[in-house]
file entry.pdb (PDB, C-alpha atoms)
MODEL        1
ATOM      1  CA  MET A1043       0.000   0.000   0.000
ATOM      2  CA  PRO A1044       1.436   3.437  -0.958
ATOM      3  CA  PHE A1045       2.659   5.689   1.786
ATOM      4  CA  ARG A1046      -0.068   8.191   2.766
ATOM      5  CA  LEU A1047       0.878  11.865   2.574
ATOM      6  CA  SER A1048      -2.440  13.278   3.772
ATOM      7  CA  HIS A1049      -0.902  14.054   7.160
ATOM      8  CA  VAL A1050       1.570  16.361   5.359
ATOM      9  CA  VAL A1051      -1.284  18.149   3.561
ATOM     10  CA  LEU A1052      -3.007  18.632   6.909
ATOM     11  CA  HIS A1053       0.127  19.347   8.952
ATOM     12  CA  THR A1054      -0.599  22.149  11.414
ATOM     13  CA  GLY A1055       2.574  23.925  10.407
ATOM     14  CA  PHE A1056       1.468  24.228   6.759
ATOM     15  CA  VAL A1057      -2.299  23.890   6.583
ATOM     16  CA  GLN A1058      -4.599  26.713   5.563
ATOM     17  CA  THR A1059      -8.349  26.837   5.159
ATOM     18  CA  TYR A1060      -9.885  27.944   1.882
ATOM     19  CA  THR A1061     -13.324  27.849   0.292
ATOM     20  CA  VAL A1062     -14.281  25.818  -2.750
ATOM     21  CA  GLU A1063     -17.218  27.066  -4.830
ATOM     22  CA  ARG A1064     -18.676  24.087  -6.691
ATOM     23  CA  SER A1065     -21.143  24.852  -9.462
ATOM     24  CA  SER A1066     -23.671  22.703 -11.176
ATOM     25  CA  GLY A1067     -26.491  23.818 -13.432
ATOM     26  CA  ASP A1068     -28.771  23.023 -16.330
ATOM     27  CA  TRP A1069     -28.969  23.644 -20.031
ATOM     28  CA  VAL A1070     -31.673  26.111 -21.057
ATOM     29  CA  ASN A1071     -32.162  26.422 -24.815
ATOM     30  CA  GLY A1072     -28.524  25.697 -25.495
ATOM     31  CA  ARG A1073     -27.173  27.961 -22.795
ATOM     32  CA  TRP A1074     -25.451  26.636 -19.707
ATOM     33  CA  THR A1075     -27.173  28.201 -16.707
ATOM     34  CA  GLU A1076     -25.404  27.791 -13.404
ATOM     35  CA  ASP A1077     -27.173  27.265 -10.129
ATOM     36  CA  PRO A1078     -25.910  29.198  -7.121
ATOM     37  CA  PRO A1079     -22.615  27.507  -6.190
ATOM     38  CA  VAL A1080     -22.239  25.349  -3.096
ATOM     39  CA  GLN A1081     -19.486  26.574  -0.785
ATOM     40  CA  ILE A1082     -17.263  23.948   0.829
ATOM     41  CA  SER A1083     -14.599  24.664   3.418
ATOM     42  CA  VAL A1084     -11.391  22.767   2.657
ATOM     43  CA  ALA A1085      -8.085  22.509   4.498
ATOM     44  CA  GLY A1086      -4.728  21.976   2.821
ATOM     45  CA  VAL A1087      -1.382  23.400   1.845
ATOM     46  CA  VAL A1088      -1.390  26.380  -0.538
ATOM     47  CA  SER A1089       1.671  27.331  -2.562
ATOM     48  CA  VAL A1090       2.613  29.382  -5.607
ATOM     49  CA  ALA A1091       2.491  27.928  -9.118
ATOM     50  CA  GLN A1092       3.052  31.154 -11.023
ATOM     51  CA  GLU A1093       3.925  34.404  -9.324
ATOM     52  CA  LYS A1094       1.722  37.381  -9.983
ATOM     53  CA  ASP A1095       2.868  39.004 -13.203
ATOM     54  CA  LEU A1096       1.892  42.486 -14.238
ATOM     55  CA  GLN A1097       0.823  42.764 -17.852
ATOM     56  CA  PRO A1098       0.557  46.349 -19.043
ATOM     57  CA  LEU A1099      -1.974  46.066 -21.838
ATOM     58  CA  HIS A1100      -3.856  48.563 -23.973
ATOM     59  CA  LEU A1101      -6.909  47.841 -21.838
ATOM     60  CA  GLY A1102      -5.139  48.543 -18.574
ATOM     61  CA  ASP A1103      -2.740  46.859 -16.183
ATOM     62  CA  GLN A1104      -3.696  43.245 -15.672
ATOM     63  CA  ILE A1105      -2.282  40.648 -13.339
ATOM     64  CA  LYS A1106      -1.813  36.967 -14.107
ATOM     65  CA  GLY A1107      -0.983  34.376 -11.520
ATOM     66  CA  ALA A1108      -1.628  30.815 -10.429
ATOM     67  CA  MET A1109      -1.636  28.950  -7.123
ATOM     68  CA  ILE A1110      -1.349  25.316  -6.123
ATOM     69  CA  PHE A1111      -3.994  23.998  -3.748
ATOM     70  CA  HIS A1112      -3.590  20.682  -1.961
ATOM     71  CA  SER A1113      -6.588  18.927  -0.494
ATOM     72  CA  VAL A1114      -7.491  15.561   0.945
ATOM     73  CA  GLN A1115     -10.973  16.018  -0.542
ATOM     74  CA  PRO A1116     -11.569  15.646  -4.298
ATOM     75  CA  LEU A1117     -11.452  18.826  -6.388
ATOM     76  CA  TYR A1118     -12.949  19.057  -9.869
ATOM     77  CA  VAL A1119     -12.437  20.625 -13.248
ATOM     78  CA  THR A1120     -15.242  20.528 -15.844
ATOM     79  CA  ARG A1121     -17.513  17.558 -15.310
ATOM     80  CA  VAL A1122     -19.783  15.810 -17.830
ATOM     81  CA  GLY A1123     -22.494  13.244 -17.311
ATOM     82  CA  THR A1124     -25.256  13.342 -14.736
ATOM     83  CA  THR A1125     -23.458  15.791 -12.425
ATOM     84  CA  GLN A1126     -22.444  18.328 -15.028
ATOM     85  CA  GLY A1127     -20.646  21.420 -13.910
ATOM     86  CA  THR A1128     -17.827  23.799 -14.591
ATOM     87  CA  SER A1129     -14.505  23.882 -12.774
ATOM     88  CA  ASP A1130     -14.324  24.523  -9.043
ATOM     89  CA  ILE A1131     -13.460  28.060  -8.023
ATOM     90  CA  ILE A1132     -11.321  28.514  -4.935
ATOM     91  CA  ILE A1133     -11.609  31.561  -2.748
ATOM     92  CA  TRP A1134      -8.313  32.085  -0.988
ATOM     93  CA  ASN A1135      -6.779  35.203   0.448
ATOM     94  CA  GLY A1136      -9.784  37.230  -0.727
ATOM     95  CA  GLN A1137      -9.268  36.306  -4.380
ATOM     96  CA  ARG A1138     -10.831  33.788  -6.754
ATOM     97  CA  TRP A1139      -8.939  31.085  -8.604
ATOM     98  CA  ARG A1140     -10.442  28.829 -11.284
ATOM     99  CA  LEU A1141      -9.039  25.306 -11.292
ATOM    100  CA  LEU A1142      -7.285  24.440 -14.533
ATOM    101  CA  SER A1143      -5.744  21.109 -13.639
ATOM    102  CA  ILE A1144      -6.107  18.414 -11.011
ATOM    103  CA  GLY A1145      -3.444  15.942 -10.007
ATOM    104  CA  ASP A1146      -5.130  12.870  -8.624
ATOM    105  CA  TYR A1147      -2.744  11.598  -5.961
ATOM    106  CA  SER A1148      -5.558   9.959  -4.033
ATOM    107  CA  ASP A1149      -3.518   6.748  -3.830
ATOM    108  CA  TYR A1150      -1.228   8.785  -1.594
ATOM    109  CA  GLY A1151      -4.112  10.494   0.201
ATOM    110  CA  TYR A1152      -4.365  13.882  -1.466
ATOM    111  CA  TYR A1153      -5.229  15.932  -4.577
ATOM    112  CA  LYS A1154      -3.165  18.734  -6.083
ATOM    113  CA  ALA A1155      -4.913  21.446  -8.111
ATOM    114  CA  ILE A1156      -3.631  24.455 -10.032
ATOM    115  CA  GLY A1157      -5.913  27.483 -10.045
ATOM    116  CA  GLU A1158      -5.607  30.523 -12.282
ATOM    117  CA  ARG A1159      -6.336  33.944 -10.870
ATOM    118  CA  ILE A1160      -9.581  35.218 -12.391
ATOM    119  CA  GLU A1161      -9.878  38.673 -10.917
ATOM    120  CA  GLY A1162      -8.164  40.107 -13.990
ATOM    121  CA  CYS A1163      -6.740  43.180 -12.342
TER
ATOM    122  CA  MET B1500     -41.132  51.068 -35.170
ATOM    123  CA  ALA B1501     -37.657  49.979 -34.192
ATOM    124  CA  ARG B1502     -36.414  46.527 -34.963
ATOM    125  CA  GLU B1503     -32.918  45.357 -34.327
ATOM    126  CA  LEU B1504     -31.901  41.955 -33.041
ATOM    127  CA  THR B1505     -29.603  41.773 -30.078
ATOM    128  CA  LEU B1506     -26.789  39.248 -30.112
ATOM    129  CA  THR B1507     -28.680  37.132 -27.600
ATOM    130  CA  GLN B1508     -31.828  37.216 -29.734
ATOM    131  CA  ILE B1509     -30.080  36.113 -32.917
ATOM    132  CA  GLU B1510     -28.255  33.351 -31.029
ATOM    133  CA  ASP B1511     -31.573  32.155 -29.621
ATOM    134  CA  ILE B1512     -33.204  32.237 -33.068
ATOM    135  CA  PHE B1513     -30.506  30.037 -34.565
ATOM    136  CA  GLN B1514     -30.376  27.724 -31.572
ATOM    137  CA  GLY B1515     -34.075  27.030 -32.031
ATOM    138  CA  LEU B1516     -33.824  26.908 -35.825
ATOM    139  CA  PHE B1517     -31.024  24.334 -35.860
ATOM    140  CA  VAL B1518     -32.843  22.194 -33.290
ATOM    141  CA  SER B1519     -35.938  22.341 -35.479
ATOM    142  CA  ILE B1520     -34.061  21.569 -38.716
ATOM    143  CA  LEU B1521     -32.353  18.567 -37.124
ATOM    144  CA  GLY B1522     -35.698  17.465 -35.738
ATOM    145  CA  TRP B1523     -34.304  17.079 -32.263
ATOM    146  CA  ASP B1524     -37.224  18.956 -30.726
ATOM    147  CA  ILE B1525     -39.536  16.168 -31.877
ATOM    148  CA  THR B1526     -37.449  13.034 -32.182
ATOM    149  CA  SER B1527     -35.176  13.436 -29.177
ATOM    150  CA  PRO B1528     -36.125  16.263 -26.796
ATOM    151  CA  SER B1529     -33.125  15.387 -24.639
ATOM    152  CA  LYS B1530     -30.964  16.754 -27.465
ATOM    153  CA  VAL B1531     -32.601  20.191 -27.569
ATOM    154  CA  ASN B1532     -29.684  21.524 -25.554
ATOM    155  CA  ASP B1533     -27.104  19.874 -27.758
ATOM    156  CA  VAL B1534     -27.308  22.910 -30.003
ATOM    157  CA  ARG B1535     -25.224  25.192 -27.811
ATOM    158  CA  ILE B1536     -24.269  28.830 -27.858
ATOM    159  CA  SER B1537     -20.514  29.383 -27.969
ATOM    160  CA  TRP B1538     -18.474  31.546 -25.645
ATOM    161  CA  PRO B1539     -20.393  31.645 -22.337
ATOM    162  CA  GLU B1540     -18.614  33.972 -19.957
ATOM    163  CA  GLU B1541     -18.001  31.408 -17.212
ATOM    164  CA  GLY B1542     -17.470  28.410 -19.491
ATOM    165  CA  MET B1543     -19.682  25.359 -19.865
ATOM    166  CA  PRO B1544     -19.396  21.597 -19.411
ATOM    167  CA  ALA B1545     -17.876  19.682 -22.281
ATOM    168  CA  PHE B1546     -19.318  16.699 -24.180
ATOM    169  CA  LEU B1547     -18.267  13.195 -25.115
ATOM    170  CA  ILE B1548     -16.847  11.977 -28.416
ATOM    171  CA  THR B1549     -20.044   9.985 -28.858
ATOM    172  CA  ASP B1550     -22.309  13.054 -28.522
ATOM    173  CA  ASP B1551     -23.677  14.867 -31.569
ATOM    174  CA  VAL B1552     -23.393  18.533 -30.647
ATOM    175  CA  VAL B1553     -23.710  21.757 -32.642
ATOM    176  CA  PHE B1554     -22.230  25.080 -31.573
ATOM    177  CA  VAL B1555     -23.739  28.351 -32.782
ATOM    178  CA  GLN B1556     -21.647  31.485 -33.268
ATOM    179  CA  CYS B1557     -23.135  34.736 -34.573
ATOM    180  CA  LEU B1558     -20.863  37.488 -35.875
ATOM    181  CA  GLU B1559     -21.485  40.653 -37.811
ATOM    182  CA  VAL B1560     -19.314  40.704 -40.929
ATOM    183  CA  ASP B1561     -17.983  43.374 -43.192
ATOM    184  CA  GLU B1562     -19.050  43.232 -46.816
ATOM    185  CA  PRO B1563     -19.723  45.890 -49.441
ATOM    186  CA  TYR B1564     -23.484  45.864 -48.946
ATOM    187  CA  ASN B1565     -23.058  46.320 -45.195
ATOM    188  CA  ARG B1566     -20.441  49.037 -45.557
ATOM    189  CA  GLN B1567     -22.290  51.085 -48.137
ATOM    190  CA  ARG B1568     -25.525  50.852 -46.286
ATOM    191  CA  GLU B1569     -28.518  52.778 -47.371
ATOM    192  CA  VAL B1570     -29.843  55.091 -44.690
ATOM    193  CA  GLU B1571     -33.505  55.886 -44.698
ATOM    194  CA  ASP B1572     -34.326  58.963 -42.664
ATOM    195  CA  THR B1573     -37.921  59.881 -41.997
ATOM    196  CA  TRP B1574     -39.278  62.540 -39.681
ATOM    197  CA  THR B1575     -42.491  62.373 -37.699
ATOM    198  CA  LEU B1576     -43.513  64.749 -34.954
ATOM    199  CA  THR B1577     -44.354  62.472 -32.032
ATOM    200  CA  THR B1578     -44.904  65.060 -29.334
ATOM    201  CA  PRO B1579     -44.757  68.875 -29.366
ATOM    202  CA  GLU B1580     -41.162  68.708 -28.152
ATOM    203  CA  LEU B1581     -39.712  65.677 -29.914
ATOM    204  CA  PHE B1582     -39.401  64.439 -33.452
ATOM    205  CA  GLY B1583     -39.176  60.718 -34.118
ATOM    206  CA  ARG B1584     -36.399  59.698 -36.462
ATOM    207  CA  THR B1585     -36.015  56.248 -37.979
ATOM    208  CA  ILE B1586     -32.913  54.995 -39.709
ATOM    209  CA  GLY B1587     -33.035  51.812 -41.733
ATOM    210  CA  TYR B1588     -30.176  49.776 -43.131
ATOM    211  CA  THR B1589     -29.038  46.256 -43.783
ATOM    212  CA  ARG B1590     -26.763  44.436 -41.363
ATOM    213  CA  VAL B1591     -24.894  41.340 -42.483
ATOM    214  CA  TRP B1592     -24.506  38.357 -40.166
ATOM    215  CA  GLN B1593     -22.351  35.292 -40.433
ATOM    216  CA  VAL B1594     -23.733  32.408 -38.432
ATOM    217  CA  ASN B1595     -21.254  29.599 -37.888
ATOM    218  CA  ALA B1596     -22.328  26.072 -37.096
ATOM    219  CA  ILE B1597     -19.569  23.907 -35.618
ATOM    220  CA  LEU B1598     -20.725  20.301 -35.587
ATOM    221  CA  TYR B1599     -19.161  17.491 -33.572
ATOM    222  CA  GLY B1600     -20.103  13.851 -33.183
ATOM    223  CA  PRO B1601     -20.488  10.628 -35.112
ATOM    224  CA  ASP B1602     -23.261  12.109 -37.291
ATOM    225  CA  SER B1603     -21.722  15.566 -37.654
ATOM    226  CA  TYR B1604     -21.296  15.326 -41.416
ATOM    227  CA  GLN B1605     -24.833  14.063 -41.976
ATOM    228  CA  ASN B1606     -26.183  16.768 -39.679
ATOM    229  CA  SER B1607     -24.339  19.423 -41.677
ATOM    230  CA  GLN B1608     -26.067  18.190 -44.823
ATOM    231  CA  GLU B1609     -29.407  18.468 -43.056
ATOM    232  CA  LEU B1610     -28.701  22.053 -42.022
ATOM    233  CA  ARG B1611     -27.486  22.991 -45.479
ATOM    234  CA  ASP B1612     -30.525  21.555 -47.284
ATOM    235  CA  LYS B1613     -33.382  22.135 -44.902
ATOM    236  CA  ILE B1614     -32.676  25.753 -44.044
ATOM    237  CA  PHE B1615     -34.234  26.440 -47.450
ATOM    238  CA  TYR B1616     -37.521  24.816 -46.472
ATOM    239  CA  PRO B1617     -40.359  27.357 -46.363
ATOM    240  CA  GLU B1618     -41.111  26.794 -42.684
ATOM    241  CA  HIS B1619     -37.534  27.634 -41.733
ATOM    242  CA  GLN B1620     -37.359  30.568 -44.131
ATOM    243  CA  ASN B1621     -40.553  31.847 -42.502
ATOM    244  CA  THR B1622     -38.886  31.653 -39.096
ATOM    245  CA  LEU B1623     -36.044  33.809 -40.380
ATOM    246  CA  GLN B1624     -38.245  36.266 -42.227
ATOM    247  CA  LYS B1625     -40.471  36.780 -39.196
ATOM    248  CA  ASN B1626     -37.337  38.122 -37.550
ATOM    249  CA  TYR B1627     -36.402  40.249 -40.588
ATOM    250  CA  LEU B1628     -33.533  37.915 -41.443
ATOM    251  CA  TYR B1629     -32.960  36.925 -45.066
ATOM    252  CA  LEU B1630     -30.636  34.084 -45.971
ATOM    253  CA  VAL B1631     -28.118  34.621 -48.760
ATOM    254  CA  PRO B1632     -28.797  31.439 -50.731
ATOM    255  CA  ASP B1633     -25.171  30.987 -51.802
ATOM    256  CA  VAL B1634     -24.344  28.616 -48.947
ATOM    257  CA  ALA B1635     -20.772  27.290 -49.018
ATOM    258  CA  ALA B1636     -20.167  23.572 -48.668
ATOM    259  CA  PRO B1637     -19.482  22.343 -45.131
ATOM    260  CA  LYS B1638     -15.835  21.677 -44.363
ATOM    261  CA  ARG B1639     -14.765  18.464 -42.692
ATOM    262  CA  VAL B1640     -12.068  19.294 -40.155
ATOM    263  CA  PRO B1641     -11.417  16.357 -37.794
ATOM    264  CA  GLU B1642      -9.816  17.444 -34.535
ATOM    265  CA  TYR B1643      -7.078  15.552 -32.724
ATOM    266  CA  PHE B1644      -7.699  15.623 -28.975
ATOM    267  CA  GLN B1645      -6.334  13.368 -26.280
ATOM    268  CA  GLY B1646      -5.187  10.621 -28.569
ATOM    269  CA  ARG B1647      -8.292  10.393 -30.710
ATOM    270  CA  TRP B1648      -9.677  12.065 -33.814
ATOM    271  CA  TRP B1649     -12.959  13.801 -33.042
ATOM    272  CA  LYS B1650     -15.314  14.180 -36.003
ATOM    273  CA  ARG B1651     -15.941  17.851 -36.734
ATOM    274  CA  VAL B1652     -17.595  19.776 -39.561
ATOM    275  CA  ASP B1653     -17.663  23.592 -39.921
ATOM    276  CA  MET B1654     -20.176  25.541 -41.968
ATOM    277  CA  SER B1655     -21.492  29.078 -42.206
ATOM    278  CA  PHE B1656     -24.592  30.928 -43.300
ATOM    279  CA  VAL B1657     -24.740  34.577 -44.317
ATOM    280  CA  LEU B1658     -27.895  36.555 -43.652
ATOM    281  CA  TYR B1659     -29.078  40.079 -44.209
ATOM    282  CA  GLU B1660     -30.987  41.662 -41.381
ATOM    283  CA  SER B1661     -33.281  44.582 -42.016
ATOM    284  CA  VAL B1662     -32.564  46.950 -39.161
ATOM    285  CA  VAL B1663     -34.678  49.938 -38.241
ATOM    286  CA  ARG B1664     -33.539  52.118 -35.392
ATOM    287  CA  SER B1665     -35.705  54.775 -33.822
ATOM    288  CA  THR B1666     -34.421  57.793 -32.002
ATOM    289  CA  THR B1667     -35.884  61.109 -30.995
ATOM    290  CA  VAL B1668     -34.606  64.553 -31.799
ATOM    291  CA  PRO B1669     -35.616  67.631 -29.769
ATOM    292  CA  ALA B1670     -37.739  70.070 -31.742
ATOM    293  CA  ILE B1671     -37.287  73.846 -31.551
ATOM    294  CA  ASP B1672     -40.098  74.853 -29.266
ATOM    295  CA  SER B1673     -39.461  78.573 -29.028
ATOM    296  CA  ILE B1674     -36.924  81.176 -30.120
ATOM    297  CA  SER B1675     -35.946  84.570 -28.885
ATOM    298  CA  VAL B1676     -34.326  87.186 -31.163
ATOM    299  CA  THR B1677     -32.485  90.306 -30.028
ATOM    300  CA  ILE B1678     -31.446  92.971 -32.542
ATOM    301  CA  TYR B1679     -28.544  95.386 -31.903
ATOM    302  CA  GLU B1680     -27.547  98.458 -33.862
ATOM    303  CA  GLY B1681     -24.123  98.156 -35.498
ATOM    304  CA  ASP B1682     -21.377  95.916 -34.105
ATOM    305  CA  GLU B1683     -21.634  97.045 -30.497
ATOM    306  CA  GLY B1684     -24.669  99.301 -30.682
ATOM    307  CA  ASN B1685     -27.752  99.640 -28.544
ATOM    308  CA  LYS B1686     -30.393  97.000 -28.387
ATOM    309  CA  ILE B1687     -33.225  98.134 -30.603
ATOM    310  CA  ALA B1688     -35.622  95.170 -30.558
ATOM    311  CA  GLU B1689     -36.332  91.934 -28.771
ATOM    312  CA  ILE B1690     -38.735  89.287 -29.982
ATOM    313  CA  ASN B1691     -39.839  86.336 -27.909
ATOM    314  CA  ASN B1692     -41.813  83.782 -29.857
ATOM    315  CA  GLU B1693     -43.166  80.959 -27.757
TER
ENDMDL
END
call {"tool": "encode", "arguments": {"input": "entry.pdb", "output": "C-alpha cells"}}
result
Amino acid sequence: MPFRLSHVVLHTGFVQTYTVERSSGDWVNGRWTEDPPVQISVAGVVSVAQEKDLQPLHLGDQIKGAMIFHSVQPLYVTRVGTTQGTSDIIIWNGQRWRLLSIGDYSDYGYYKAIGERIEGC
Amino acid sequence: MARELTLTQIEDIFQGLFVSILGWDITSPSKVNDVRISWPEEGMPAFLITDDVVFVQCLEVDEPYNRQREVEDTWTLTTPELFGRTIGYTRVWQVNAILYGPDSYQNSQELRDKIFYPEHQNTLQKNYLYLVPDVAAPKRVPEYFQGRWWKRVDMSFVLYESVVRSTTVPAIDSISVTIYEGDEGNKIAEINNE
C-alpha cells in the first residue's frame, strides 16, 4: 500500500483553510445556466504555481498568476455526465482562482490542483 | 417602429432553428440543448466523443453591402417637443455552425438543405432575417484531442438583417431674437416667440 501523505497536507505547520465554490447547473435552450454555487470549506497546503505578473496592456494593467492547492478532498475541473458542472473556483486570500488542472494523488491520500487567478486586475 | 436583433436574440433564433431543422425537438427532446451557444462567460461543461453537438456562433461581418448601407431617414412629430427619427439599413450576419459527433457530417447536410424549407425561411423572415442562398459547402475538419480524432464539420450561413432604429430629436419649441444696432450698438428690438 502506498505511503499516505495526507498528514503532510493537513500538517498544522502548513495547513490553511480555503473555500471551494462548486457549481452545477442546467442547459436552457442551449445555454449553460449555473445554479448558485455550493461553498465547501477545505483545508490543505497552498503554494505558488506562477507568481503574480503584471501585464501592461492597452486595456489597462492586468495581473496573471496561479496557485497550487492541496486537499485531501476531491477537487474538480469541468464535469460531464449526470453531475455536469464547470470547474471549481477557490476563494483564498480574498481572491478567486479557477481550477485548470487536477493531479489525482488519491492513492497517496491527497489531490493537487492548479488554479488561475480570475480577478483580472 | 424599431427593430434590431440583439446578439442574444439572434443566437436564440438560430439555436431554435437548428434544433428544429435537425428534428431534435420532436425526435429526441433530450438533445434540444445539444445545439449550444458558444463563448459563455463562465465556461460550460464539455461533451463526449459519442455526442452529436452543434455550436452556434453569430458574428457581424464586413461586406460591401453592409459598408455602403442605405440610410432611410424619416421625420415624424411624435410630441410637441420631440421628433421621431427612424434609420433603416441592412446588417450582415455570419452564423457559424460547428458540428461534432459521429453524425456531424450528416447533420451538416441536413442544415445545409433544410434551411431552405419554407417553414424555416418563414422563421427567419419573421425576424427580418434573409438568408443569402449561396451557402458554401461544409468543411470536414477532424480534430485531434487526447489521442483520438474527433469528427468535426464547420459551416457558415450569411444573412441580411433589415434593421430599423428609432431615435428622438428635440424640436425647436421657441426662439428669442435680439437685434442690436451696429457691431456694439444699442439693443433696438427683442422678440420672444413661444
call {"tool": "resolve_selection", "arguments": {"input": "entry.pdb", "expression": "the PyMOL selection byres ((chain B) within 7 of (chain A))", "output": "list in words"}}
result
Gln1514, Val1531, Asn1532, Asp1533, Val1534, Arg1535, Ile1536, Gly1542, Met1543, Pro1544, Ala1545 and Phe1546 of chain B
call {"tool": "residues_around", "arguments": {"input": "entry.pdb", "residues": "Val1114 in chain A", "least_positions_apart": "6", "cutoff": "7 Å", "atoms": "all atoms listed in the file", "output": "PyMOL selection string"}}
result
chain A and resi 1048+1151-1153
call {"tool": "closest_residue", "arguments": {"input": "entry.pdb", "among": "A:Ile1110, A:Leu1101, A:Leu1096, A:Ala1085", "to": "Gly1145 in chain A", "atoms": "only C-alpha atoms"}}
result
A:Ile1110
call {"tool": "closest_residue", "arguments": {"input": "entry.pdb", "among": "B:Gln1593, B:Gln1645, B:Asn1606, B:Thr1526", "to": "Leu1547 in chain B", "atoms": "only C-alpha atoms"}}
result
B:Gln1645
call {"tool": "atom_distance", "arguments": {"input": "entry.pdb", "atom1": "CA of Val1057 in chain A", "atom2": "CA of Arg1159 in chain A"}}
result
20.5 Å
call {"tool": "residues_around", "arguments": {"input": "entry.pdb", "residues": "Phe1056 in chain A", "least_positions_apart": "3", "cutoff": "10 Å", "atoms": "all atoms listed in the file", "output": "VMD selection string"}}
result
chain A and resid 1050 to 1053 1085 to 1089
call {"tool": "resolve_selection", "arguments": {"input": "entry.pdb", "expression": "the PyMOL selection byres ((chain B and resi 1592) around 9)", "output": "PyMOL selection string"}}
result
chain B and resi 1557-1561+1590-1591+1593-1594+1656-1660
call {"tool": "write_last_selection", "arguments": {"input": "entry.pdb", "atoms": "C-alpha atoms", "output": "PDB file, keeping the file's coordinate frame"}}
result
ATOM      1  CA  CYS B1557     -23.135  34.736 -34.573  1.00  0.00           C
ATOM      2  CA  LEU B1558     -20.863  37.488 -35.875  1.00  0.00           C
ATOM      3  CA  GLU B1559     -21.485  40.653 -37.811  1.00  0.00           C
ATOM      4  CA  VAL B1560     -19.314  40.704 -40.929  1.00  0.00           C
ATOM      5  CA  ASP B1561     -17.983  43.374 -43.192  1.00  0.00           C
ATOM      6  CA  ARG B1590     -26.763  44.436 -41.363  1.00  0.00           C
ATOM      7  CA  VAL B1591     -24.894  41.340 -42.483  1.00  0.00           C
ATOM      8  CA  GLN B1593     -22.351  35.292 -40.433  1.00  0.00           C
ATOM      9  CA  VAL B1594     -23.733  32.408 -38.432  1.00  0.00           C
ATOM     10  CA  PHE B1656     -24.592  30.928 -43.300  1.00  0.00           C
ATOM     11  CA  VAL B1657     -24.740  34.577 -44.317  1.00  0.00           C
ATOM     12  CA  LEU B1658     -27.895  36.555 -43.652  1.00  0.00           C
ATOM     13  CA  TYR B1659     -29.078  40.079 -44.209  1.00  0.00           C
ATOM     14  CA  GLU B1660     -30.987  41.662 -41.381  1.00  0.00           C
TER      15      GLU B1660
END
call {"tool": "atom_distance", "arguments": {"input": "entry.pdb", "atom1": "CA of Gln1556 in chain B", "atom2": "CA of Asn1595 in chain B"}}
result
5.0 Å
call {"tool": "closest_residue", "arguments": {"input": "entry.pdb", "among": "B:Ile1512, B:Leu1506, B:Val1553, B:Ala1501", "to": "Gln1620 in chain B", "atoms": "all atoms listed in the file"}}
result
B:Ile1512
call {"tool": "closest_residue", "arguments": {"input": "entry.pdb", "among": "B:Ser1665, B:Asp1682, B:Lys1625, B:Ile1509", "to": "Gly1587 in chain B", "atoms": "all atoms listed in the file"}}
result
B:Ser1665
call {"tool": "resolve_selection", "arguments": {"input": "entry.pdb", "expression": "the PyMOL selection byres ((chain B and resi 1599) around 10)", "output": "ChimeraX atom specification"}}
result
/B:1546-1554,1596-1598,1600-1604,1606-1607,1640-1642,1649-1653
call {"tool": "residues_around", "arguments": {"input": "entry.pdb", "residues": "Ser1527 in chain B", "least_positions_apart": "5", "cutoff": "10 Å", "atoms": "only C-alpha atoms", "output": "ChimeraX atom specification"}}
result
/B:1518,1521-1522
call {"tool": "atom_distance", "arguments": {"input": "entry.pdb", "atom1": "CA of Gln1097 in chain A", "atom2": "CA of Arg1138 in chain A"}}
result
18.4 Å
call {"tool": "build_atoms", "arguments": {"input": "entry.pdb", "residues": "range 1112-1124 of chain A", "atoms": "N, CA and C atoms", "output": "PDB file, in the frame of the given file"}}
result
ATOM      1  N   HIS A1112      -3.561  22.099  -2.322  1.00  0.00           N
ATOM      2  CA  HIS A1112      -3.590  20.682  -1.961  1.00  0.00           C
ATOM      3  C   HIS A1112      -4.811  20.427  -1.102  1.00  0.00           C
ATOM      4  N   SER A1113      -5.380  19.247  -1.248  1.00  0.00           N
ATOM      5  CA  SER A1113      -6.588  18.927  -0.494  1.00  0.00           C
ATOM      6  C   SER A1113      -6.655  17.406  -0.308  1.00  0.00           C
ATOM      7  N   VAL A1114      -7.242  16.999   0.800  1.00  0.00           N
ATOM      8  CA  VAL A1114      -7.491  15.561   0.945  1.00  0.00           C
ATOM      9  C   VAL A1114      -8.877  15.203   0.406  1.00  0.00           C
ATOM     10  N   GLN A1115      -9.668  16.242   0.086  1.00  0.00           N
ATOM     11  CA  GLN A1115     -10.973  16.018  -0.542  1.00  0.00           C
ATOM     12  C   GLN A1115     -10.832  16.187  -2.055  1.00  0.00           C
ATOM     13  N   PRO A1116     -11.671  15.502  -2.843  1.00  0.00           N
ATOM     14  CA  PRO A1116     -11.569  15.646  -4.298  1.00  0.00           C
ATOM     15  C   PRO A1116     -11.894  17.073  -4.734  1.00  0.00           C
ATOM     16  N   LEU A1117     -11.158  17.556  -5.723  1.00  0.00           N
ATOM     17  CA  LEU A1117     -11.452  18.826  -6.388  1.00  0.00           C
ATOM     18  C   LEU A1117     -11.744  18.501  -7.850  1.00  0.00           C
ATOM     19  N   TYR A1118     -12.481  19.400  -8.528  1.00  0.00           N
ATOM     20  CA  TYR A1118     -12.949  19.057  -9.869  1.00  0.00           C
ATOM     21  C   TYR A1118     -12.677  20.164 -10.877  1.00  0.00           C
ATOM     22  N   VAL A1119     -12.321  19.744 -12.095  1.00  0.00           N
ATOM     23  CA  VAL A1119     -12.437  20.625 -13.248  1.00  0.00           C
ATOM     24  C   VAL A1119     -13.734  20.210 -13.950  1.00  0.00           C
ATOM     25  N   THR A1120     -13.971  20.754 -15.157  1.00  0.00           N
ATOM     26  CA  THR A1120     -15.242  20.528 -15.844  1.00  0.00           C
ATOM     27  C   THR A1120     -15.692  19.070 -15.784  1.00  0.00           C
ATOM     28  N   ARG A1121     -16.967  18.900 -15.450  1.00  0.00           N
ATOM     29  CA  ARG A1121     -17.513  17.558 -15.310  1.00  0.00           C
ATOM     30  C   ARG A1121     -18.641  17.351 -16.320  1.00  0.00           C
ATOM     31  N   VAL A1122     -18.692  16.163 -16.927  1.00  0.00           N
ATOM     32  CA  VAL A1122     -19.783  15.810 -17.830  1.00  0.00           C
ATOM     33  C   VAL A1122     -20.582  14.694 -17.190  1.00  0.00           C
ATOM     34  N   GLY A1123     -21.679  14.329 -17.844  1.00  0.00           N
ATOM     35  CA  GLY A1123     -22.494  13.244 -17.311  1.00  0.00           C
ATOM     36  C   GLY A1123     -23.633  13.771 -16.470  1.00  0.00           C
ATOM     37  N   THR A1124     -24.054  12.984 -15.498  1.00  0.00           N
ATOM     38  CA  THR A1124     -25.256  13.342 -14.736  1.00  0.00           C
ATOM     39  C   THR A1124     -25.005  14.483 -13.753  1.00  0.00           C
TER      40      THR A1124
END
